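Q: Got run_16.pdb for you, PDB, C-alpha atoms:
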```pdb
ATOM      1  CA  MET A   1     -88.692 -44.694 127.896
ATOM      2  CA  THR A   2     -85.118 -45.739 128.491
ATOM      3  CA  THR A   3     -82.054 -43.566 128.474
ATOM      4  CA  GLY A   4     -80.085 -42.893 125.317
ATOM      5  CA  TYR A   5     -76.865 -42.243 127.235
ATOM      6  CA  ALA A   6     -73.901 -44.617 127.282
ATOM      7  CA  PRO A   7     -72.922 -46.325 130.577
ATOM      8  CA  ILE A   8     -69.819 -44.167 130.988
ATOM      9  CA  THR A   9     -71.935 -41.010 130.675
ATOM     10  CA  ILE A  10     -74.410 -42.325 133.259
ATOM     11  CA  TRP A  11     -71.572 -43.012 135.697
ATOM     12  CA  ALA A  12     -70.176 -39.519 135.124
ATOM     13  CA  VAL A  13     -73.614 -38.022 135.857
ATOM     14  CA  LEU A  14     -73.960 -40.109 139.023
ATOM     15  CA  ALA A  15     -70.489 -39.067 140.196
ATOM     16  CA  THR A  16     -71.220 -35.393 139.538
ATOM     17  CA  ILE A  17     -74.586 -35.431 141.317
ATOM     18  CA  GLY A  18     -72.968 -37.364 144.174
ATOM     19  CA  ALA A  19     -70.118 -34.870 144.518
ATOM     20  CA  VAL A  20     -72.446 -31.860 144.455
ATOM     21  CA  THR A  21     -74.806 -33.483 146.974
ATOM     22  CA  TYR A  22     -71.977 -34.420 149.316
ATOM     23  CA  GLY A  23     -70.677 -30.868 149.035
ATOM     24  CA  PHE A  24     -74.059 -29.564 150.205
ATOM     25  CA  ARG A  25     -74.092 -31.976 153.150
ATOM     26  CA  LEU A  26     -70.527 -31.145 154.113
ATOM     27  CA  SER A  27     -70.751 -27.372 153.616
ATOM     28  CA  PHE A  28     -71.478 -26.079 157.095
ATOM     29  CA  LEU A  29     -70.375 -29.210 158.936
ATOM     30  CA  TYR A  30     -66.847 -28.898 157.600
ATOM     31  CA  VAL A  31     -66.064 -25.333 156.697
ATOM     32  CA  PHE A  32     -67.751 -23.616 159.578
ATOM     33  CA  GLY A  33     -67.132 -24.304 163.203
ATOM     34  CA  GLY A  34     -70.185 -24.817 165.334
ATOM     35  CA  ASN A  35     -70.616 -21.200 166.264
ATOM     36  CA  ASP A  36     -71.244 -19.778 162.816
ATOM     37  CA  THR A  37     -74.793 -19.683 161.559
ATOM     38  CA  ILE A  38     -76.237 -18.954 158.173
ATOM     39  CA  GLY A  39     -77.792 -15.533 157.742
ATOM     40  CA  ASP A  40     -81.502 -14.866 158.104
ATOM     41  CA  ARG A  41     -81.927 -14.086 154.426
ATOM     42  CA  THR A  42     -80.183 -17.248 153.265
ATOM     43  CA  GLU A  43     -82.288 -19.267 155.650
ATOM     44  CA  ARG A  44     -85.476 -17.695 154.300
ATOM     45  CA  VAL A  45     -84.555 -18.700 150.740
ATOM     46  CA  LEU A  46     -83.519 -22.221 151.768
ATOM     47  CA  ARG A  47     -86.802 -22.712 153.616
ATOM     48  CA  LEU A  48     -88.702 -22.105 150.376
ATOM     49  CA  VAL A  49     -86.692 -24.584 148.314
ATOM     50  CA  PRO A  50     -88.522 -27.781 149.376
ATOM     51  CA  PRO A  51     -92.089 -26.575 148.612
ATOM     52  CA  ALA A  52     -90.963 -25.015 145.307
ATOM     53  CA  VAL A  53     -89.108 -28.071 144.063
ATOM     54  CA  LEU A  54     -91.548 -30.703 145.313
ATOM     55  CA  ALA A  55     -94.538 -28.925 143.753
ATOM     56  CA  ALA A  56     -92.635 -28.432 140.494
ATOM     57  CA  LEU A  57     -91.853 -32.164 140.466
ATOM     58  CA  ALA A  58     -95.298 -33.415 141.424
ATOM     59  CA  ILE A  59     -97.814 -31.226 139.609
ATOM     60  CA  PRO A  60     -96.722 -31.792 135.968
ATOM     61  CA  ALA A  61     -96.692 -35.557 136.601
ATOM     62  CA  ILE A  62    -100.247 -35.488 137.939
ATOM     63  CA  VAL A  63    -102.018 -32.809 135.895
ATOM     64  CA  THR A  64    -102.487 -33.239 132.148
ATOM     65  CA  VAL A  65    -103.963 -30.197 130.434
ATOM     66  CA  ARG A  66    -106.534 -31.327 127.849
ATOM     67  CA  PRO A  67    -108.738 -29.406 125.372
ATOM     68  CA  SER A  68    -111.783 -29.252 127.675
ATOM     69  CA  VAL A  69    -112.065 -28.496 131.371
ATOM     70  CA  SER A  70    -114.009 -31.671 132.105
ATOM     71  CA  ALA A  71    -111.448 -33.850 130.318
ATOM     72  CA  THR A  72    -108.683 -32.155 132.303
ATOM     73  CA  VAL A  73    -110.433 -32.585 135.654
ATOM     74  CA  LEU A  74    -111.871 -36.084 135.119
ATOM     75  CA  ASP A  75    -108.461 -37.626 134.690
ATOM     76  CA  GLU A  76    -107.407 -40.740 136.575
ATOM     77  CA  ARG A  77    -104.035 -39.300 137.597
ATOM     78  CA  LEU A  78    -105.492 -36.015 138.764
ATOM     79  CA  LEU A  79    -108.251 -37.692 140.800
ATOM     80  CA  ALA A  80    -105.716 -40.085 142.337
ATOM     81  CA  GLY A  81    -103.503 -37.098 143.154
ATOM     82  CA  VAL A  82    -106.352 -35.210 144.835
ATOM     83  CA  ALA A  83    -107.159 -38.244 147.005
ATOM     84  CA  ALA A  84    -103.468 -38.582 147.885
ATOM     85  CA  VAL A  85    -103.244 -34.910 148.896
ATOM     86  CA  ALA A  86    -106.245 -35.340 151.195
ATOM     87  CA  VAL A  87    -104.576 -38.303 152.904
ATOM     88  CA  ALA A  88    -101.199 -36.557 153.083
ATOM     89  CA  TRP A  89    -102.858 -33.567 154.701
ATOM     90  CA  ARG A  90    -104.746 -35.658 157.244
ATOM     91  CA  THR A  91    -101.995 -38.173 158.133
ATOM     92  CA  GLU A  92     -98.622 -36.778 156.922
ATOM     93  CA  ASP A  93     -97.837 -40.446 156.257
ATOM     94  CA  ILE A  94     -95.908 -41.274 153.076
ATOM     95  CA  LEU A  95     -97.018 -44.903 152.879
ATOM     96  CA  ALA A  96    -100.711 -44.089 153.386
ATOM     97  CA  THR A  97    -100.442 -41.371 150.733
ATOM     98  CA  ILE A  98     -98.885 -43.719 148.168
ATOM     99  CA  ALA A  99    -101.379 -46.500 148.957
ATOM    100  CA  THR A 100    -104.369 -44.195 148.536
ATOM    101  CA  GLY A 101    -103.119 -42.636 145.310
ATOM    102  CA  MET A 102    -102.321 -45.993 143.695
ATOM    103  CA  ALA A 103    -105.602 -47.549 144.869
ATOM    104  CA  VAL A 104    -107.629 -44.714 143.332
ATOM    105  CA  LEU A 105    -105.589 -44.858 140.116
ATOM    106  CA  TRP A 106    -106.107 -48.606 139.745
ATOM    107  CA  ILE A 107    -109.817 -48.494 140.629
ATOM    108  CA  LEU A 108    -110.430 -45.793 138.027
ATOM    109  CA  ARG A 109    -108.298 -47.477 135.407
ATOM    110  CA  PHE A 110    -109.392 -51.087 135.748
ATOM    111  CA  LEU A 111    -112.913 -50.837 137.148
ATOM    112  CA  VAL A 112    -114.479 -47.502 136.261
ATOM    113  CA  LEU A 113    -113.111 -45.735 133.194
TER     114      LEU A 113
ATOM    115  CA  MET B   1     -72.497 -52.863 170.975
ATOM    116  CA  HIS B   2     -72.062 -49.343 172.265
ATOM    117  CA  GLU B   3     -75.178 -48.133 174.041
ATOM    118  CA  ASP B   4     -75.553 -44.944 171.997
ATOM    119  CA  LEU B   5     -74.934 -46.711 168.677
ATOM    120  CA  TYR B   6     -77.686 -49.144 169.658
ATOM    121  CA  ALA B   7     -80.027 -46.291 170.588
ATOM    122  CA  GLY B   8     -79.518 -44.804 167.128
ATOM    123  CA  LEU B   9     -80.226 -48.140 165.444
ATOM    124  CA  ARG B  10     -83.361 -48.575 167.525
ATOM    125  CA  ASP B  11     -84.621 -45.085 166.715
ATOM    126  CA  SER B  12     -84.161 -45.754 162.993
ATOM    127  CA  LEU B  13     -86.846 -48.470 163.000
ATOM    128  CA  PRO B  14     -89.885 -46.304 162.188
ATOM    129  CA  PHE B  15     -88.049 -44.808 159.224
ATOM    130  CA  HIS B  16     -87.615 -48.171 157.492
ATOM    131  CA  LEU B  17     -91.355 -48.324 156.973
ATOM    132  CA  GLY B  18     -90.924 -45.427 154.582
ATOM    133  CA  GLY B  19     -87.329 -46.112 153.536
ATOM    134  CA  ILE B  20     -87.814 -49.632 152.221
ATOM    135  CA  PRO B  21     -90.639 -48.770 149.778
ATOM    136  CA  TYR B  22     -88.729 -45.624 148.798
ATOM    137  CA  GLY B  23     -85.675 -47.732 147.938
ATOM    138  CA  LEU B  24     -87.820 -50.275 146.080
ATOM    139  CA  ILE B  25     -89.378 -47.502 144.001
ATOM    140  CA  THR B  26     -85.927 -46.070 143.277
ATOM    141  CA  GLY B  27     -84.867 -49.499 141.976
ATOM    142  CA  ILE B  28     -88.026 -49.904 139.902
ATOM    143  CA  ALA B  29     -87.603 -46.405 138.440
ATOM    144  CA  ALA B  30     -84.012 -47.293 137.554
ATOM    145  CA  VAL B  31     -85.180 -50.296 135.543
ATOM    146  CA  GLU B  32     -87.748 -48.153 133.736
ATOM    147  CA  ALA B  33     -85.047 -45.585 132.909
ATOM    148  CA  GLY B  34     -82.821 -48.317 131.490
ATOM    149  CA  LEU B  35     -80.187 -48.331 134.228
ATOM    150  CA  THR B  36     -78.381 -51.528 135.229
ATOM    151  CA  LEU B  37     -78.447 -53.098 138.701
ATOM    152  CA  GLY B  38     -74.922 -51.794 139.313
ATOM    153  CA  GLN B  39     -75.830 -48.268 138.256
ATOM    154  CA  ALA B  40     -78.996 -48.260 140.342
ATOM    155  CA  VAL B  41     -77.301 -49.472 143.533
ATOM    156  CA  GLY B  42     -74.244 -47.354 142.769
ATOM    157  CA  MET B  43     -76.461 -44.306 142.514
ATOM    158  CA  SER B  44     -78.037 -44.973 145.899
ATOM    159  CA  VAL B  45     -74.556 -45.306 147.432
ATOM    160  CA  ILE B  46     -72.997 -42.317 145.648
ATOM    161  CA  VAL B  47     -75.928 -39.890 145.774
ATOM    162  CA  PHE B  48     -78.003 -41.289 148.685
ATOM    163  CA  ALA B  49     -80.801 -38.729 148.281
ATOM    164  CA  GLY B  50     -84.022 -40.343 147.039
ATOM    165  CA  ALA B  51     -86.013 -37.446 145.614
ATOM    166  CA  SER B  52     -83.101 -36.184 143.533
ATOM    167  CA  GLN B  53     -82.371 -39.697 142.273
ATOM    168  CA  LEU B  54     -85.956 -40.174 141.100
ATOM    169  CA  ALA B  55     -85.956 -36.836 139.284
ATOM    170  CA  ALA B  56     -82.539 -37.474 137.724
ATOM    171  CA  MET B  57     -83.619 -40.898 136.466
ATOM    172  CA  GLU B  58     -86.787 -39.490 134.947
ATOM    173  CA  LEU B  59     -84.693 -36.949 133.036
ATOM    174  CA  LEU B  60     -82.087 -39.561 132.066
ATOM    175  CA  ALA B  61     -84.918 -41.716 130.699
ATOM    176  CA  GLU B  62     -85.905 -38.806 128.457
ATOM    177  CA  THR B  63     -82.234 -38.325 127.503
ATOM    178  CA  ALA B  64     -82.507 -34.703 128.687
ATOM    179  CA  PRO B  65     -79.362 -32.515 128.465
ATOM    180  CA  LEU B  66     -76.835 -33.539 131.133
ATOM    181  CA  ALA B  67     -76.645 -30.039 132.618
ATOM    182  CA  VAL B  68     -80.403 -30.183 133.212
ATOM    183  CA  VAL B  69     -80.125 -33.619 134.859
ATOM    184  CA  VAL B  70     -77.386 -32.452 137.228
ATOM    185  CA  GLY B  71     -78.948 -29.011 137.793
ATOM    186  CA  THR B  72     -82.332 -30.477 138.696
ATOM    187  CA  ALA B  73     -80.827 -32.992 141.123
ATOM    188  CA  ALA B  74     -78.733 -30.214 142.669
ATOM    189  CA  ILE B  75     -81.654 -27.869 143.277
ATOM    190  CA  ILE B  76     -83.621 -30.681 144.920
ATOM    191  CA  ASN B  77     -80.705 -31.290 147.275
ATOM    192  CA  VAL B  78     -79.983 -27.657 148.142
ATOM    193  CA  ARG B  79     -82.074 -28.176 151.302
ATOM    194  CA  LEU B  80     -79.219 -30.333 152.658
ATOM    195  CA  ILE B  81     -77.215 -27.116 153.142
ATOM    196  CA  MET B  82     -79.917 -26.053 155.570
ATOM    197  CA  TYR B  83     -79.567 -29.316 157.520
ATOM    198  CA  SER B  84     -75.781 -29.059 157.460
ATOM    199  CA  ALA B  85     -75.942 -25.580 158.966
ATOM    200  CA  SER B  86     -78.477 -26.638 161.553
ATOM    201  CA  ILE B  87     -76.682 -29.782 162.748
ATOM    202  CA  ALA B  88     -73.136 -28.333 162.633
ATOM    203  CA  PRO B  89     -73.253 -26.861 166.168
ATOM    204  CA  TYR B  90     -73.926 -30.330 167.651
ATOM    205  CA  PHE B  91     -70.751 -31.709 166.073
ATOM    206  CA  ALA B  92     -68.588 -28.627 166.638
ATOM    207  CA  ARG B  93     -66.246 -30.405 169.079
ATOM    208  CA  GLN B  94     -65.636 -33.381 166.794
ATOM    209  CA  SER B  95     -62.629 -33.724 164.501
ATOM    210  CA  ARG B  96     -62.960 -32.718 160.876
ATOM    211  CA  ARG B  97     -62.712 -36.359 159.851
ATOM    212  CA  VAL B  98     -65.698 -37.260 162.007
ATOM    213  CA  ARG B  99     -67.668 -34.330 160.628
ATOM    214  CA  ALA B 100     -66.827 -35.390 157.061
ATOM    215  CA  ALA B 101     -68.167 -38.864 157.819
ATOM    216  CA  ALA B 102     -71.274 -37.455 159.493
ATOM    217  CA  ALA B 103     -71.993 -35.373 156.377
ATOM    218  CA  TYR B 104     -72.368 -38.481 154.221
ATOM    219  CA  PHE B 105     -75.248 -39.803 156.338
ATOM    220  CA  LEU B 106     -77.134 -36.504 156.444
ATOM    221  CA  THR B 107     -80.708 -37.108 155.243
ATOM    222  CA  ASP B 108     -84.113 -35.565 155.999
ATOM    223  CA  GLN B 109     -84.814 -38.391 158.443
ATOM    224  CA  ALA B 110     -81.407 -38.606 160.151
ATOM    225  CA  TYR B 111     -81.361 -34.844 160.547
ATOM    226  CA  ALA B 112     -84.846 -34.533 162.033
ATOM    227  CA  MET B 113     -84.497 -37.480 164.423
ATOM    228  CA  SER B 114     -80.992 -36.764 165.706
ATOM    229  CA  VAL B 115     -81.490 -33.049 166.345
ATOM    230  CA  MET B 116     -84.581 -33.917 168.377
ATOM    231  CA  GLU B 117     -82.603 -36.541 170.325
ATOM    232  CA  PHE B 118     -79.550 -34.284 170.888
ATOM    233  CA  ASP B 119     -81.821 -31.644 172.375
ATOM    234  CA  SER B 120     -83.628 -34.027 174.706
ATOM    235  CA  ASP B 121     -80.617 -36.094 175.880
ATOM    236  CA  ARG B 122     -77.415 -34.124 176.287
ATOM    237  CA  SER B 123     -75.348 -37.030 177.607
ATOM    238  CA  ARG B 124     -75.508 -38.986 174.345
ATOM    239  CA  ASP B 125     -72.365 -39.849 172.421
ATOM    240  CA  ARG B 126     -73.703 -37.884 169.483
ATOM    241  CA  PHE B 127     -71.598 -39.329 166.694
ATOM    242  CA  ARG B 128     -72.266 -42.939 167.723
ATOM    243  CA  TYR B 129     -75.991 -42.306 168.009
ATOM    244  CA  TYR B 130     -76.058 -40.526 164.656
ATOM    245  CA  LEU B 131     -73.989 -43.274 163.027
ATOM    246  CA  GLY B 132     -76.383 -45.981 164.277
ATOM    247  CA  LEU B 133     -79.370 -44.024 163.017
ATOM    248  CA  GLY B 134     -77.909 -42.840 159.704
ATOM    249  CA  GLY B 135     -76.089 -46.099 158.975
ATOM    250  CA  ALA B 136     -79.263 -48.150 159.421
ATOM    251  CA  ILE B 137     -81.258 -45.822 157.170
ATOM    252  CA  TRP B 138     -78.479 -46.052 154.582
ATOM    253  CA  ALA B 139     -78.255 -49.854 154.652
ATOM    254  CA  THR B 140     -81.976 -50.506 154.175
ATOM    255  CA  TYR B 141     -82.255 -47.907 151.422
ATOM    256  CA  VAL B 142     -79.326 -49.289 149.427
ATOM    257  CA  LEU B 143     -80.498 -52.901 149.848
ATOM    258  CA  ALA B 144     -84.064 -51.991 148.909
ATOM    259  CA  THR B 145     -82.806 -50.282 145.736
ATOM    260  CA  GLY B 146     -81.182 -53.559 144.656
ATOM    261  CA  VAL B 147     -84.324 -55.545 145.429
ATOM    262  CA  GLY B 148     -86.387 -52.970 143.512
ATOM    263  CA  VAL B 149     -84.263 -53.488 140.384
ATOM    264  CA  VAL B 150     -84.746 -57.256 140.535
ATOM    265  CA  VAL B 151     -88.481 -57.068 141.282
ATOM    266  CA  GLY B 152     -89.127 -54.097 138.986
ATOM    267  CA  ALA B 153     -88.310 -56.020 135.830
ATOM    268  CA  ASN B 154     -91.339 -58.280 136.440
ATOM    269  CA  VAL B 155     -93.988 -55.647 137.098
ATOM    270  CA  PRO B 156     -96.700 -55.249 134.402
ATOM    271  CA  PRO B 157     -96.418 -51.729 132.904
ATOM    272  CA  GLU B 158    -100.194 -51.028 133.049
ATOM    273  CA  LEU B 159     -99.965 -50.930 136.856
ATOM    274  CA  GLU B 160     -97.915 -47.745 136.319
ATOM    275  CA  LEU B 161     -95.885 -48.111 139.500
ATOM    276  CA  SER B 162     -93.879 -45.060 138.434
ATOM    277  CA  PHE B 163     -96.900 -42.993 139.512
ATOM    278  CA  THR B 164     -95.750 -43.637 143.090
ATOM    279  CA  VAL B 165     -92.948 -41.138 142.398
ATOM    280  CA  PRO B 166     -95.141 -38.008 142.122
ATOM    281  CA  LEU B 167     -97.193 -39.406 145.027
ATOM    282  CA  ILE B 168     -94.045 -39.446 147.181
ATOM    283  CA  PHE B 169     -93.348 -35.852 146.191
ATOM    284  CA  LEU B 170     -96.917 -34.920 147.153
ATOM    285  CA  ALA B 171     -96.554 -36.664 150.509
ATOM    286  CA  LEU B 172     -93.374 -34.670 151.183
ATOM    287  CA  LEU B 173     -94.869 -31.447 149.806
ATOM    288  CA  VAL B 174     -98.045 -31.233 151.885
ATOM    289  CA  PRO B 175     -96.318 -31.009 155.314
ATOM    290  CA  VAL B 176     -93.889 -28.275 154.165
ATOM    291  CA  MET B 177     -96.706 -26.023 152.899
ATOM    292  CA  LYS B 178     -97.627 -24.632 156.288
ATOM    293  CA  ASP B 179     -97.743 -20.835 156.094
ATOM    294  CA  ARG B 180     -98.536 -18.105 153.568
ATOM    295  CA  SER B 181     -95.109 -17.923 151.974
ATOM    296  CA  THR B 182     -94.572 -21.700 151.658
ATOM    297  CA  ILE B 183     -98.114 -22.234 150.313
ATOM    298  CA  THR B 184     -97.583 -19.485 147.733
ATOM    299  CA  THR B 185     -94.213 -20.990 146.818
ATOM    300  CA  GLY B 186     -95.725 -24.440 146.289
ATOM    301  CA  ALA B 187     -98.706 -23.172 144.288
ATOM    302  CA  VAL B 188     -96.622 -20.969 141.989
ATOM    303  CA  GLY B 189     -93.888 -23.608 141.698
ATOM    304  CA  GLY B 190     -96.357 -26.311 140.671
ATOM    305  CA  VAL B 191     -98.338 -24.204 138.215
ATOM    306  CA  GLY B 192     -95.120 -22.690 136.874
ATOM    307  CA  ALA B 193     -93.652 -26.113 136.169
ATOM    308  CA  LEU B 194     -96.906 -27.196 134.492
ATOM    309  CA  VAL B 195     -96.917 -24.127 132.249
ATOM    310  CA  GLY B 196     -93.191 -24.543 131.673
ATOM    311  CA  ALA B 197     -93.550 -28.214 130.748
ATOM    312  CA  ALA B 198     -93.489 -27.075 127.118
ATOM    313  CA  ALA B 199     -90.177 -25.248 127.684
ATOM    314  CA  PRO B 200     -87.191 -26.648 125.797
ATOM    315  CA  LEU B 201     -84.476 -28.761 127.442
ATOM    316  CA  ASN B 202     -86.812 -29.916 130.275
ATOM    317  CA  LEU B 203     -86.212 -26.589 131.962
ATOM    318  CA  GLY B 204     -89.821 -26.429 133.213
ATOM    319  CA  LEU B 205     -88.978 -27.780 136.650
ATOM    320  CA  LEU B 206     -86.157 -25.327 137.292
ATOM    321  CA  LEU B 207     -88.156 -22.365 135.962
ATOM    322  CA  GLY B 208     -91.217 -23.351 137.994
ATOM    323  CA  ALA B 209     -89.191 -23.795 141.184
ATOM    324  CA  LEU B 210     -87.460 -20.432 140.723
ATOM    325  CA  ALA B 211     -90.816 -18.720 140.088
ATOM    326  CA  GLY B 212     -92.170 -20.348 143.259
ATOM    327  CA  ILE B 213     -89.243 -19.212 145.412
ATOM    328  CA  THR B 214     -89.485 -15.678 144.009
ATOM    329  CA  ALA B 215     -93.221 -15.556 144.761
ATOM    330  CA  GLY B 216     -92.635 -16.872 148.295
ATOM    331  CA  LEU B 217     -89.976 -14.245 148.964
ATOM    332  CA  ALA B 218     -92.355 -11.559 147.694
ATOM    333  CA  VAL B 219     -95.041 -12.758 150.132
ATOM    334  CA  ASP B 220     -92.420 -12.775 152.918
ATOM    335  CA  ALA B 221     -91.433  -9.181 152.116
ATOM    336  CA  TRP B 222     -95.088  -8.114 151.848
ATOM    337  CA  GLY B 223     -95.931  -9.599 155.220
ATOM    338  CA  SER B 224     -93.033  -8.126 157.201
ATOM    339  CA  PRO B 225     -93.209  -4.467 158.324
TER     340      PRO B 225
END
```
Would you mind giving the structure from this file in structure tokens?
A:
Amino acid sequence: MTTGYAPITIWAVLATIGAVTYGFRLSFLYVFGGNDTIGDRTERVLRLVPPAVLAALAIPAIVTVRPSVSATVLDERLLAGVAAVAVAWRTEDILATIATGMAVLWILRFLVL
Amino acid sequence: MHEDLYAGLRDSLPFHLGGIPYGLITGIAAVEAGLTLGQAVGMSVIVFAGASQLAAMELLAETAPLAVVVGTAAIINVRLIMYSASIAPYFARQSRRVRAAAAYFLTDQAYAMSVMEFDSDRSRDRFRYYLGLGGAIWATYVLATGVGVVVGANVPPELELSFTVPLIFLALLVPVMKDRSTITTGAVGGVGALVGAAAPLNLGLLLGALAGITAGLAVDAWGSP
């Protein structure tokens, strides 16, 4: 699927995301001197942002809910994802995780299913 | 070359192993979303935050509402506030101009590596070290994005290289799920986004993430006396 937006709109989106992102990076570096720290509560919320967002990004792209349980579980993307999680957990290595997930996906797609 | 700038460059080397494929995938995803070479490379220069770029391009490809595209990218990058707060004390004596420049190069990798180095070697010229490290990470990522656009146009679609994107998210997710509250957050966030996938305006991701954070905070509150 390719975007339906015009080039000028794309550039405006990129500029907006860039400005917001730079604002986040600059926030404490610029506004606060070195001695200020963020509060405990804010820090607790910020700590939860990465797992929340990453899981919300990954899971819908890997899991496809189908009419039967077996069709949902025996899915090439889901099986590749499970293998990738195992490798990520053992190695914490991004490259090894990608390589495993793609290898399992391709084996299932071109050789097995 | 200044000794500390060189030390930063040298310490960036292990990160290119991950950064180059990440940039390539960003370029390939840009082609799939219908972005031009200029837009793809421009995005890596302007935004310079891989996970948010991948998510934004996926939503742009679906022609999702612009507020959802920007909002999703923003929530992915909120963690940079945490890094900014954490690294600020190390740059407290620098001028505001130097701190503004340092902010641009703030990434997961540059943050993690430089804070570790600043703690272990207090005599370092911090800005030069950080610039060597962050600048090298930046250069390979931006270059790799361009290469990805050129290469990506020739990849057969049945290989489904775009599946590397959720795999990257998984690889980043697993190490941050390390205690009760973060595991709860991830589980609820993922299931919430899956359930919310049917929600209008591609709001599933935001709703799932918010549900995950709420659940994690509840576990935090439950666990503390």
Q: Calculated over only C-alpha atoms, which of the candidates B:Gln94, B:Gln109, B:Gln39, B:Ser86 has the smallest distance to Leu172 of chain B?
A: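 Of the candidates, the smallest distance to Leu172 of chain B is held by B:Gln109.
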Q: Report the distance between atom CA of Leu173 of chain B and atom CA of Thr64 of chain A in Å, rounded to one decimal place.
A: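 If I compute the distance from atom CA of Leu173 of chain B to atom CA of Thr64 of chain A, I get 19.3 Å.
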Q: Within 7 Å of chain A, which residues belong to chain B? Use all atoms listed in the file and report them as a VMD selection string.
A: chain B and resid 18 32 to 34 43 46 to 47 60 to 63 70 73 to 74 76 to 82 84 to 85 88 to 89 91 to 92 96 99 to 100 103 to 104 106 164 166 to 171 173 to 177 182 185 to 186 189 to 190 193 to 194 205 208 to 209 212 to 213 216
Q: Return as lines of an AutoDock Vina configuration file the box centre and box size in Å, one decimal, for an axis-aligned box around all listed atoms of segment 38-46 of chain A padded by 3 Å per side.
A:
```
center_x = -80.9
center_y = -18.2
center_z = 154.5
size_x = 15.2
size_y = 14.1
size_z = 13.4
```
Q: Can you give me, as a compact mmCIF listing (two decimals) with C-alpha atoms, in the frame of the given file, the residues this file yields under the PyMOL selection byres ((chain B and resi 68) around 10)?
A:
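This is the output file out.txt:
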```txt
# COMPACT_ATOMS: atom_id res chain seq x y z
CA ALA B 56 -82.54 -37.47 137.72
CA LEU B 59 -84.69 -36.95 133.04
CA LEU B 60 -82.09 -39.56 132.07
CA ALA B 64 -82.51 -34.70 128.69
CA PRO B 65 -79.36 -32.52 128.46
CA LEU B 66 -76.83 -33.54 131.13
CA ALA B 67 -76.64 -30.04 132.62
CA VAL B 69 -80.12 -33.62 134.86
CA VAL B 70 -77.39 -32.45 137.23
CA GLY B 71 -78.95 -29.01 137.79
CA THR B 72 -82.33 -30.48 138.70
CA ALA B 73 -80.83 -32.99 141.12
CA ALA B 74 -78.73 -30.21 142.67
CA LEU B 201 -84.48 -28.76 127.44
CA ASN B 202 -86.81 -29.92 130.28
CA LEU B 203 -86.21 -26.59 131.96
CA LEU B 205 -88.98 -27.78 136.65
CA LEU B 206 -86.16 -25.33 137.29
```
Q: Suppose you want the space between atom CA of Thr145 of chain B and atom CA of Leu159 of chain B; what is it in Å?
A: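 Distance reported for this atom pair: 19.3 Å.
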Q: Could you jot down the atom CA of Glu117 of chain B to atom CA of Ala144 of chain B separation for me, Å, one decimal place?
A: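 So the answer is 26.4 Å.
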Q: Which residues, named as in the file, does the PyMOL selection byres ((chain B and resi 142) around 10) pick out? Answer as a PyMOL selection string.
A: chain B and resi 19-20+23-24+26-27+40-45+48+137-141+143-148
